Each structure stands twice: as structure tokens, then as C-alpha cells.
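> My questions all concern the structure below.
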Amino acid sequence: MEESNMNRRTFLAGIGAAALGLGLTSVGCAPKAESASGDTRGTGTSWDEEVDFLVVGSGTAAMGALAAAESGNGTVMVIEKSDMMFGGTSSTSGGGFWIPMNYLQKEAGVQDSREAAVAYVNGCAGSRANEALTEAFVDNANPWLEWIHNLAQAEFTIGGAQDYYDQVDGFLSFGRNSKLATGNAGDLWSSVKSLLEEKGCEVRMGTALKRLVVDENGAIVGVIAEQKGKEIAIKASKVLVGTGGFDYDPQMMARHLPSVPPLSNAVQTNTGDGHKAAARIGARLEMMEGYWGVPFFHPGDPTTFDPSATGTSYNKESTDWNSYRGKPGSMVVNKQGARFGDEATMYPVFTREWLDFSSSSLAFENYPGFFICDSAYVESFGLPGTKDGGEPNEWFVKADTLEDLAALLGINPTGLVAEAAKMNAYAASGTDEDFHRGEKESSKQIWPKGIDRPELSNPMLGTISTPPFYGAVYLPGTCGTSGGMSINENAQVLNVDGEAIEGLYACGNCTAALSGGTYLGGGGTLGPGSVMAYIAARHAMGAAV
């Protein structure tokens with residue numbers, strides 16, 4: 001497990017950290033491109049290579065590379081920072097794409113509309129909505145899906161839980177998650193890589209973006225990249241940047257996020273390379289305080305967890321997408337033993353509960369959290385690291401009483417016992433009077449699967465009463481950050497004055513999310529990222545969008 005040098009005390013630094021502006025002052029002055037004349041712009045640069053369309057990053061940006069290569073309107077190259085892993089964080093997912101009005105809906109009897117989809121995206125984005133960008137995404141979403149389905153022979157189905165914000169106008173509880181039938185995004189990215197190579201597109205692994213190069217008018221003319229420790233200059237009049245988030249840049253995380261999540265399952269090459277390069281040439285960065293959240297079990301002995309310890313760690317195995325916290329017989333509490341949210345909400349929604357800053361304690365009151373359940377829960381559903389109802393791994397402690405469990409975890413015992421009593425009463429009535437767990441349509445689409453408890457009036461509410469009791473430290477984490485370059489409806493990057501930077505495009509987690517940082521639903525990053533990459537390539541290569 002790789003640790004960074006980020007101090008966990010930054011988690012308690014206060015919400016004001018998000019208002020520090022661009023936050024890239026530590027980058028320093030723009031380094032000079034290799035040039036006989038020594039200037040920092042493109043004039044006089046000695047180019048090592050030249051292509052028409054350069055794609056930086058192989059996640060959702062690879063969809064743009066494929067669209068550009070298929071157009072036949074110029075040469076295309078992909079550079080990827082990782083030596084071995086094509087596809088980045090995108091390729092490690094289950095392969096869900098949030099695509100409104102997709103071709104799968106008709107067969108499933110789902111009613112969707114452009115009006116509803118636009119309303120939902122803009123409603124989730126709120127005051128941050130860019131209507132032209134929203135409409136471009138919605139209008140091109142299904143065309144992209146049909147295109148990649150036909151070109152890569154990729155089979156899609158309608159996935160599980162869909163839209164995550166039930167109260168927003170245009171919400172659809174089922175139908176907008178187009179999920180790869182294999183359940184493995186790596187299968188699709190492997191096909192995309194093969195198609196790129198078949199079409200003559202060079203895919204260069206182990207090559208990282210260092211700087212963007214512009215001419216005297218501020219237009220892109222190429223990039224400086226690093227390959228095997230050596231800088232190379234690649235000339236390109238059109239560049240698509242898809243370098244992912246900044247999850248593993250400690251300074252950027254500490255400067256921009258109001259509290260720094262201690263865990264992430266994003267790939268460790270996500271160090272904000274695209275953000276930094278774009279900022280150096282005057283690109284506008286927005287929504288830098290946001291991240292795509294997902295809860296994690298602390299992957300270690302809970303009795304030794306130190307909330308002020310250093311480290312933002314990569315971990316994939318302890319992620320709780322929608323697997324544990326919403327099932328009957330469990331709850332998530334804070335140090336006072338009090339629940340702090342609806343555990344059956346979707347993972348990015350529940351993660352926001354950790355940002356509840358207390359004006360009385362002057363701290364993020366819900367950090368750390370604790371997952372609590374009883375032995376009946378373990379027998380029915382198991383826990384991470386267990387098989388066939390066996391004993392949980394070292395992430396959990398157990399005790400014969402809730403008071404003893406509270407002592408082991410550092411929870412207020414009176415509060416924990418009282419909260420369990422409330423949960424038991426809610427299980428008997430079927431109604432969670434505090435957070436209405438199990439009442440949302442989005443919850444009903446996902447959590448009842450695998451719960452065989454016909455005696456429960458609410459399948460997400462069960463008693464916590466059968467000893468021994470189990471507990472683990474439960475934490476916020478990221479599956480990517482959600483702020484970055486501001487883009488328009490053509491996926492062109494905007495400068496600080498809101499004008500398009502000629503030749504520069506961006507997609508995915510290095511951009512300011514078109515949803516305003518709200519995770520729309522299942523596939524809420526891969527869908528918009530892939531579609532905007534597709535739009536970028538077609539615009540750059542002169543194809544109709």
C-alpha cells in the first residue's frame with residue numbers, strides 16, 4: 001500500500017481551504033520548452049515528433065483517440081503515463097456508463113426524454129450548470145454508445161441502480177446506466193487499444209505530460225512529455241487532455257479539498273498533470289474542491305486507527321460501493337454513537353455526509369465513522385475479507401456487548417446503545433424516522449438484491465441485537481477528483497476569460513464536471529467523459545457533431 005506525505009490533520013483544516021483559489025502557486029514559473037531561442041512558447045521549438053491529433057491519457061480520452069483515428073482526417077497518437085496500464089481508472093471499473101435516452105431503453109420499456117435528461121443534469125449541477133454543455137452531452141450520449149457498440153462489438157445491458165438524486169426533476173430510477181455485459185471495463189479498453197493500433201494510431205506507454213506549448217497567440221502547438229526520464233517535444237495543433245484527477249498530489253488535495261479523504265481507488269498516476277499544464281498557459285480551473293466519493297472500510301486494525309496520521313493510500317479491496325452499509329442489521333455512526341445519514345443512499349451521496357462541519361466542536365463531526373453490525377448480519381451477508389459466513393478479517397473487532405464494542409472503537413457507549421435501540425424500533429415499524437432509509441427509489445433498485453428477509457416490512461432495516469457485535473472504522477474516499485479545466489460544448493478548454501484556447505480539448509476527471517460535481521448515477525464519470533472525448537475528436541477533426 002503506497003502512502004503519501006499528506007497529514008491527516010488537513011482533514012480538520014476547515015472548509016475555507018477550498019477557497020484558496022487556483023492553488024498551483026507551488027508549481028512555480030512555467031519551465032522553458034526546449035528551444036534554440038530559449039522562449040517559453042512554440043516559436044523555435046525543436047520538435048522530435050509531429051502528429052495532427054495528440055491524446056494525453058488513455059482513460060475516457062481513448063474514446064476521442066478512436067473517433068479521431070476513425071475519421072481518417074489526420075494522424076493520431078496516444079501518450080499514457082503508466083508503463084503497463086492502458087485505460088487508467090476507467091478500465092478498472094465495472095463498466096457502467098450514464099447514458100440518457102440510450103438504445104437499450106426501448107426494449108426494456110423505459111420512458112426517457114431529452115427534456116427530462118437535460119432537466120436532471122442541470123438540476124444536479126444547480127448554479128454551476130452550463131446548459132450548452134449539458135445539451136451537447138445529452139444529444140451525443142446515445143450516438144456515442146451506438147458507435148462504440150458497433151465499432152468495438154461491445155455488448156451493453158441496463159445496469160442496476162441508476163440516477164442517484166431522487167428529488168431532482170427528471171430523475172429516472174432505471175434505464176440510464178448502460179453497463180458492459182461482461183461487467184469489466186478492462187474488456188472494452190482492451191478492444192479500444194487494439195482498434196487504435198489497427199487504425200495506425202501509435203499508443204506510447206510510459207510517457208507523461210510535462211507542459212503544453214503554445215504560440216504567440218496562445219494557441220496550442222504541441223506538448224513537452226517525459227519518456228524514460230528524457231523530455232521529448234511532440235508537435236500537434238490539436239491536443240485532447242484526459243489525465244484524470246489529482247488524488248495523489250498531496251499539495252493539490254490539501255489546497256483544494258475542504259477535507260482530505262484518506263483512501264482512494266483511482267490509479268496512482270493521477271497526480272494532476274493536466275491541471276498543472278493547463279494552469280500554466282492560462283486555462284480556467286473550476287470546482288476544484290470536489291471529488292467523486294465512495295466509502296471505505298479502514299484496511300487495518302481499527303483499535304490502532306489514528307485520525308491525525310499521515311497518508312492518502314491506494315486501496316481497492318476495502319471499497320464499499322453499495323455492498324454492506326444499507327443491508328438490515330447494520331448502521332454507520334460517528335464518535336458519539338449517532339448515525340449521520342441514510343446508509344442506503346448510493347455511495348457518492350453518502351460520502352458527502354463526512355463533510356458535515358460542526359460549528360460547536362469546530363471539527364468534521366462524523367470523521368471517522370464506524371460500521372456496526374451484529375452476528376446475524378455477518379451470518380447472512382458476510383463482511384469484506386470473509387467467505388461463507390466465516391470470521392471477519394483484522395479490519396473488524398467484535399464484542400459480546402455494544403458497550404464493550406464501543407470501548408474498543410472509541411465510541412460513546414451510551415450513544416451507541418441508544419442508537420441501536422432506535423434502529424431496532426425502526427426495524428419493527430419499517431420506518432426510519434431519522435433518515436428514511438429504504439424509502440428512496442434509487443435505494444429500492446439496488447439494496448434488496450441478495451436480501452432474503454421476507455419478514456421485514458422494510459428490507460433495509462433490521463435489528464442490531466444478536467451478539468457478538470462487530471465494528472470497523474468507516475471512512476470517506478475517492479474514486480477520482482471532479483474539478484479541473486472548464487470546457488465548452490465542444491470540449492474546448494476555456495481560458496480565464498471564458499474564451500476557447502485554440503486547439504486544446506479536455507475530458508474526464510481533469511475537467512470541471514458538467515454535473516457540477518454531483519455524481520449523476522451509475523456510470524456518472526465514464527458516460528460524460530467518453531461522450532465529451534467523442535465530441536472533442538469530431539470537432540477537432542472537422543467531423544459533424
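As shown in the C-alpha cells, the chain order sets the letters A, B, ...; within each chain, residues go from 1, and ligands are also counted from 1 in the order they appear.
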Find the residues near stretch 212-224 of chain A: any atom within 6 Å, counting only C-alpha atoms, skip ones fewer than 5 places away on the same chain, and give them as an MDAnalysis selection string.

chainID A and resid 41:42 232:237 277 502:503

> The selected residues should be written to file as a short mmCIF file (atom, residue, chain, number, x, y, z; two decimals), in the first residue's frame (atoms: all heavy atoms).


```
data_model
loop_
_atom_site.label_atom_id
_atom_site.label_comp_id
_atom_site.auth_asym_id
_atom_site.auth_seq_id
_atom_site.Cartn_x
_atom_site.Cartn_y
_atom_site.Cartn_z
N ARG A 41 7.42 29.73 -25.47
CA ARG A 41 6.32 29.39 -26.35
C ARG A 41 6.82 28.55 -27.51
O ARG A 41 7.94 28.06 -27.52
CB ARG A 41 5.62 30.67 -26.81
CG ARG A 41 4.99 31.37 -25.60
CD ARG A 41 4.10 32.53 -25.97
NE ARG A 41 3.45 33.00 -24.76
CZ ARG A 41 2.13 33.10 -24.61
NH1 ARG A 41 1.32 32.78 -25.58
NH2 ARG A 41 1.62 33.52 -23.48
N GLY A 42 5.98 28.35 -28.49
CA GLY A 42 6.30 27.38 -29.53
C GLY A 42 7.31 27.82 -30.56
O GLY A 42 7.91 27.00 -31.24
N ILE A 232 10.73 14.87 -24.44
CA ILE A 232 10.54 14.86 -25.88
C ILE A 232 9.49 15.91 -26.23
O ILE A 232 8.57 16.17 -25.44
CB ILE A 232 10.11 13.48 -26.41
CG1 ILE A 232 8.79 13.02 -25.76
CG2 ILE A 232 11.20 12.45 -26.20
CD1 ILE A 232 8.22 11.76 -26.39
N ALA A 233 9.66 16.54 -27.38
CA ALA A 233 8.72 17.57 -27.85
C ALA A 233 7.89 16.99 -28.99
O ALA A 233 8.43 16.53 -29.99
CB ALA A 233 9.49 18.79 -28.31
N ILE A 234 6.56 17.01 -28.80
CA ILE A 234 5.65 16.46 -29.80
C ILE A 234 4.80 17.60 -30.36
O ILE A 234 4.04 18.24 -29.63
CB ILE A 234 4.73 15.37 -29.20
CG1 ILE A 234 5.56 14.28 -28.52
CG2 ILE A 234 3.84 14.76 -30.29
CD1 ILE A 234 4.73 13.27 -27.74
N LYS A 235 4.93 17.85 -31.65
CA LYS A 235 4.18 18.92 -32.28
C LYS A 235 2.77 18.41 -32.62
O LYS A 235 2.61 17.33 -33.17
CB LYS A 235 4.87 19.38 -33.55
CG LYS A 235 4.22 20.58 -34.23
CD LYS A 235 5.01 21.03 -35.45
CE LYS A 235 4.39 22.27 -36.09
NZ LYS A 235 5.15 22.71 -37.28
N ALA A 236 1.76 19.19 -32.29
CA ALA A 236 0.37 18.83 -32.59
C ALA A 236 -0.47 20.09 -32.49
O ALA A 236 -0.41 20.80 -31.48
CB ALA A 236 -0.15 17.77 -31.63
N SER A 237 -1.25 20.34 -33.50
CA SER A 237 -2.11 21.53 -33.48
C SER A 237 -3.41 21.29 -32.74
O SER A 237 -4.15 22.23 -32.44
CB SER A 237 -2.42 21.99 -34.90
OG SER A 237 -3.07 20.96 -35.62
N ALA A 277 -0.45 21.62 -16.17
CA ALA A 277 -0.04 22.08 -17.50
C ALA A 277 -1.01 23.12 -18.05
O ALA A 277 -0.61 24.13 -18.65
CB ALA A 277 0.06 20.89 -18.45
N GLU A 502 -7.38 27.84 -28.51
CA GLU A 502 -7.37 27.18 -29.81
C GLU A 502 -6.54 25.89 -29.78
O GLU A 502 -5.39 25.88 -29.35
CB GLU A 502 -6.81 28.11 -30.87
CG GLU A 502 -6.89 27.55 -32.28
CD GLU A 502 -6.37 28.51 -33.34
OE1 GLU A 502 -6.22 29.71 -33.02
OE2 GLU A 502 -6.10 28.06 -34.47
N GLY A 503 -7.19 24.80 -30.20
CA GLY A 503 -6.51 23.52 -30.32
C GLY A 503 -6.49 22.67 -29.07
O GLY A 503 -6.04 21.52 -29.12
#
```

> Enumerate, as JSON, numbers by chain, the complete set of residues in stretch 2-228 of chain A that a backbone-based DSSP assignment places in helix (DSSP H, G or I).

{"A": [8, 9, 10, 11, 12, 15, 16, 17, 18, 19, 25, 26, 27, 61, 62, 63, 64, 65, 66, 67, 68, 69, 70, 71, 88, 89, 90, 91, 92, 104, 105, 106, 107, 108, 114, 115, 116, 117, 118, 119, 120, 121, 122, 123, 124, 125, 126, 127, 128, 131, 132, 133, 134, 135, 136, 137, 138, 139, 140, 141, 142, 143, 144, 145, 146, 147, 148, 149, 150, 151, 152, 185, 186, 187, 188, 189, 190, 191, 192, 193, 194, 195, 196, 197, 198]}

> For A:Asn122, which residue among A:Gly517, A:Gly109, A:Gly96, A:Gly242 is the nearest when counting only C-alpha atoms?

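The shortest atom-to-atom distance to A:Asn122 comes from A:Gly517.
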
> Applying 10 Å and only C-alpha atoms, which residues near stretch 381-384 of chain A remain after dropping the ones on its own chain fewer than 5 positions away? List them as a list in words.

Phe297, Pro299, Glu317, Ser318, Thr319, Asp320, Ser323, Tyr324, Lys327, Pro328, Gly329, Cys373, Ser375, Ala376, Gly389, Gly390, Glu391, Pro392, Asn393, Trp395, Phe396, Gly450, Ile451 and Tyr470 of chain A

> Give me the residues near A:Ser442 as a list of chain:residue names, where near means some atom within 12 Å (using only C-alpha atoms) and where sequence neighbours in that chain fewer than 3 positions away do not count.

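With the cut-off at 12 Å, the set is A:Gly160, A:Ala161, A:Gln162, A:Asp163, A:Tyr164, A:Tyr165, A:Asp166, A:Gln167, A:Phe171, A:Leu172, A:Ser173, A:Phe174, A:Gly175, A:Asn322, A:Ala344, A:Thr345, A:Met346, A:Tyr347, A:Val349, A:Arg437, A:Gly438, A:Glu439, A:Gln445, A:Ile446, A:Trp447, A:Pro448, A:Leu520, A:Gly521, A:Gly522.
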
> For those residues, write N, CA, C and O atoms to a file as a CSV table (one decimal), in the first residue's frame.


```csv
chain,number,residue,atom,x,y,z
A,160,GLY,N,-27.8,-1.7,-12.8
A,160,GLY,CA,-28.6,-1.7,-11.5
A,160,GLY,C,-29.1,-0.3,-11.2
A,160,GLY,O,-29.8,0.3,-12.0
A,161,ALA,N,-28.7,0.2,-10.0
A,161,ALA,CA,-29.2,1.5,-9.6
A,161,ALA,C,-28.8,2.6,-10.6
A,161,ALA,O,-27.7,2.6,-11.1
A,162,GLN,N,-29.7,3.5,-10.9
A,162,GLN,CA,-29.5,4.5,-11.9
A,162,GLN,C,-29.2,5.9,-11.3
A,162,GLN,O,-28.2,6.1,-10.7
A,163,ASP,N,-30.1,6.8,-11.5
A,163,ASP,CA,-29.9,8.1,-11.0
A,163,ASP,C,-29.9,8.1,-9.5
A,163,ASP,O,-30.6,7.4,-8.9
A,164,TYR,N,-29.0,9.0,-9.0
A,164,TYR,CA,-28.8,8.9,-7.5
A,164,TYR,C,-29.5,10.0,-6.7
A,164,TYR,O,-29.4,10.0,-5.5
A,165,TYR,N,-30.1,11.0,-7.4
A,165,TYR,CA,-30.7,12.1,-6.7
A,165,TYR,C,-32.2,12.1,-7.0
A,165,TYR,O,-32.7,12.8,-7.9
A,166,ASP,N,-32.9,11.4,-6.1
A,166,ASP,CA,-34.4,11.2,-6.4
A,166,ASP,C,-35.2,12.4,-6.5
A,166,ASP,O,-36.2,12.5,-7.2
A,167,GLN,N,-34.8,13.5,-5.7
A,167,GLN,CA,-35.7,14.6,-5.6
A,167,GLN,C,-35.5,15.6,-6.8
A,167,GLN,O,-36.2,16.6,-6.9
A,171,PHE,N,-35.4,12.9,-12.7
A,171,PHE,CA,-34.9,11.7,-12.1
A,171,PHE,C,-35.5,10.5,-12.8
A,171,PHE,O,-36.7,10.4,-13.0
A,172,LEU,N,-34.7,9.5,-13.0
A,172,LEU,CA,-35.2,8.2,-13.6
A,172,LEU,C,-34.6,7.1,-12.8
A,172,LEU,O,-33.3,7.0,-12.6
A,173,SER,N,-35.4,6.2,-12.2
A,173,SER,CA,-34.9,5.2,-11.3
A,173,SER,C,-34.3,4.0,-12.0
A,173,SER,O,-33.6,3.2,-11.4
A,174,PHE,N,-34.5,3.9,-13.3
A,174,PHE,CA,-34.0,2.8,-14.0
A,174,PHE,C,-33.8,3.1,-15.5
A,174,PHE,O,-34.7,3.7,-16.1
A,175,GLY,N,-32.7,2.7,-16.1
A,175,GLY,CA,-32.6,2.8,-17.5
A,175,GLY,C,-31.4,3.6,-18.1
A,175,GLY,O,-31.1,3.5,-19.3
A,322,ASN,N,-21.9,-0.4,-3.0
A,322,ASN,CA,-23.2,-0.5,-2.5
A,322,ASN,C,-23.4,-1.9,-2.0
A,322,ASN,O,-24.2,-2.7,-2.5
A,344,ALA,N,-28.5,3.7,3.0
A,344,ALA,CA,-28.9,3.0,1.8
A,344,ALA,C,-28.9,4.0,0.6
A,344,ALA,O,-29.3,3.6,-0.5
A,345,THR,N,-28.4,5.2,0.8
A,345,THR,CA,-28.2,6.1,-0.3
A,345,THR,C,-27.0,5.6,-1.1
A,345,THR,O,-26.2,4.8,-0.5
A,346,MET,N,-26.8,6.0,-2.3
A,346,MET,CA,-25.7,5.5,-3.1
A,346,MET,C,-24.4,6.0,-2.6
A,346,MET,O,-24.3,7.1,-2.0
A,347,TYR,N,-23.3,5.3,-3.0
A,347,TYR,CA,-22.0,5.6,-2.4
A,347,TYR,C,-21.6,7.0,-2.5
A,347,TYR,O,-21.0,7.6,-1.5
A,349,VAL,N,-23.3,9.7,-2.7
A,349,VAL,CA,-24.2,10.6,-1.9
A,349,VAL,C,-23.9,10.4,-0.4
A,349,VAL,O,-23.7,11.4,0.3
A,437,ARG,N,-34.3,5.7,5.6
A,437,ARG,CA,-33.6,4.6,4.9
A,437,ARG,C,-34.5,3.6,4.3
A,437,ARG,O,-35.5,3.1,4.9
A,438,GLY,N,-34.3,3.3,3.0
A,438,GLY,CA,-35.1,2.3,2.3
A,438,GLY,C,-36.3,2.9,1.6
A,438,GLY,O,-37.0,2.2,0.9
A,439,GLU,N,-36.5,4.2,1.7
A,439,GLU,CA,-37.7,4.8,1.0
A,439,GLU,C,-37.4,5.4,-0.4
A,439,GLU,O,-38.3,5.6,-1.2
A,445,GLN,N,-33.8,0.1,-5.9
A,445,GLN,CA,-33.3,-0.6,-7.1
A,445,GLN,C,-32.1,-1.5,-6.9
A,445,GLN,O,-31.8,-2.4,-7.6
A,446,ILE,N,-31.4,-1.2,-5.8
A,446,ILE,CA,-30.1,-1.9,-5.6
A,446,ILE,C,-30.0,-2.7,-4.3
A,446,ILE,O,-29.6,-3.9,-4.4
A,447,TRP,N,-30.5,-2.2,-3.2
A,447,TRP,CA,-30.2,-2.9,-1.9
A,447,TRP,C,-31.0,-4.2,-1.7
A,447,TRP,O,-30.5,-5.1,-1.1
A,448,PRO,N,-32.3,-4.3,-2.1
A,448,PRO,CA,-33.0,-5.5,-1.8
A,448,PRO,C,-32.4,-6.8,-2.5
A,448,PRO,O,-32.7,-7.9,-2.1
A,520,LEU,N,-24.1,11.9,-11.1
A,520,LEU,CA,-25.5,11.7,-11.6
A,520,LEU,C,-26.1,10.4,-11.3
A,520,LEU,O,-27.3,10.3,-11.0
A,521,GLY,N,-25.4,9.3,-11.5
A,521,GLY,CA,-25.9,8.0,-11.3
A,521,GLY,C,-24.9,7.0,-11.7
A,521,GLY,O,-23.7,7.3,-11.9
A,522,GLY,N,-25.3,5.7,-11.8
A,522,GLY,CA,-24.3,4.7,-12.1
A,522,GLY,C,-23.6,5.0,-13.5
A,522,GLY,O,-24.3,5.2,-14.5
```

> Output as JSON lines one row per residue of stretch 135-170 of chain A within 12 Å of stretch 112-115 of chain A: the closest atom pair and its distance in Å to one decimal place, counting only C-alpha atoms, sorted by chain and residue number ascending.


```
{"residue": "A:Glu135", "atom": "CA", "partner": "A:Arg114", "partner_atom": "CA", "distance": 8.6}
{"residue": "A:Ala136", "atom": "CA", "partner": "A:Arg114", "partner_atom": "CA", "distance": 11.1}
{"residue": "A:Phe137", "atom": "CA", "partner": "A:Arg114", "partner_atom": "CA", "distance": 10.7}
{"residue": "A:Val138", "atom": "CA", "partner": "A:Arg114", "partner_atom": "CA", "distance": 7.0}
{"residue": "A:Asp139", "atom": "CA", "partner": "A:Arg114", "partner_atom": "CA", "distance": 7.7}
{"residue": "A:Asn140", "atom": "CA", "partner": "A:Arg114", "partner_atom": "CA", "distance": 11.0}
{"residue": "A:Ala141", "atom": "CA", "partner": "A:Arg114", "partner_atom": "CA", "distance": 10.7}
{"residue": "A:Asn142", "atom": "CA", "partner": "A:Arg114", "partner_atom": "CA", "distance": 11.1}
{"residue": "A:Asp169", "atom": "CA", "partner": "A:Glu115", "partner_atom": "CA", "distance": 10.1}
{"residue": "A:Gly170", "atom": "CA", "partner": "A:Glu115", "partner_atom": "CA", "distance": 7.8}
```

> Do you have the atom CA of A:Gly523-atom CA of A:Gly95 distance handy?

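Pair atom CA of A:Gly523 / atom CA of A:Gly95 returns 7.4 Å.
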
> In Å, with one decimal, what is the gap from atom CA of A:Leu355 to atom CA of A:Ser90?

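Pair atom CA of A:Leu355 / atom CA of A:Ser90 returns 25.9 Å.
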
> Nearest to A:Arg280: which of A:Asn366, A:Cys510, A:Val496, A:Pro258 is it, counting only C-alpha atoms?

A:Val496

> Using only C-alpha atoms for the distances, tell me which of A:Asp187, A:Asp48, A:Glu286, A:Glu231 is nearest to A:Leu494.

A:Glu286

> For A:Val51, which residue out of A:Ile99, A:Ala119, A:Ala65, A:Met77 is the nearest one, using only C-alpha atoms?

A:Met77

> How many Å lie between atom CA of A:Ser360 and atom CA of A:Gly293, rounded to one decimal?

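Interatomic distance, atom CA of A:Ser360 to atom CA of A:Gly293: 25.5 Å.
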
> If you run DSSP over the backbone, which residues in stretch 55-153 of chain A end up strand (DSSP E or B)? Put them as a list in words.

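Assigned to strand (DSSP E or B), within stretch 55-153 of chain A: Val55, Val56, Val76, Met77, Val78, Ile79, Glu80, Gly96, Phe97 and Trp98 of chain A.
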
> Please list as a list in words every residue within 6 Å of A:Gly483, counting only C-alpha atoms and excluding residues in the same chain fewer than 3 positions away.

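Within the cut-off, the hits are Glu286, Met287, Met288, Gly290, Thr511 and Ala512 of chain A.
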
> For A:Asn458, work out the shell of residues within 8 Å, counting only C-alpha atoms and skipping chain neighbours fewer than 6 positions away, then give it as a tab-separated table (two decimals) with C-alpha atoms, in the first residue's frame.


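As a result, selection_18.tsv now contains:
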```tsv
chain	number	residue	atom	x	y	z
A	427	ALA	CA	-36.90	-2.19	12.05
A	430	GLY	CA	-40.41	-0.46	8.93
A	431	THR	CA	-39.81	3.30	9.03
A	438	GLY	CA	-35.07	2.34	2.30
```
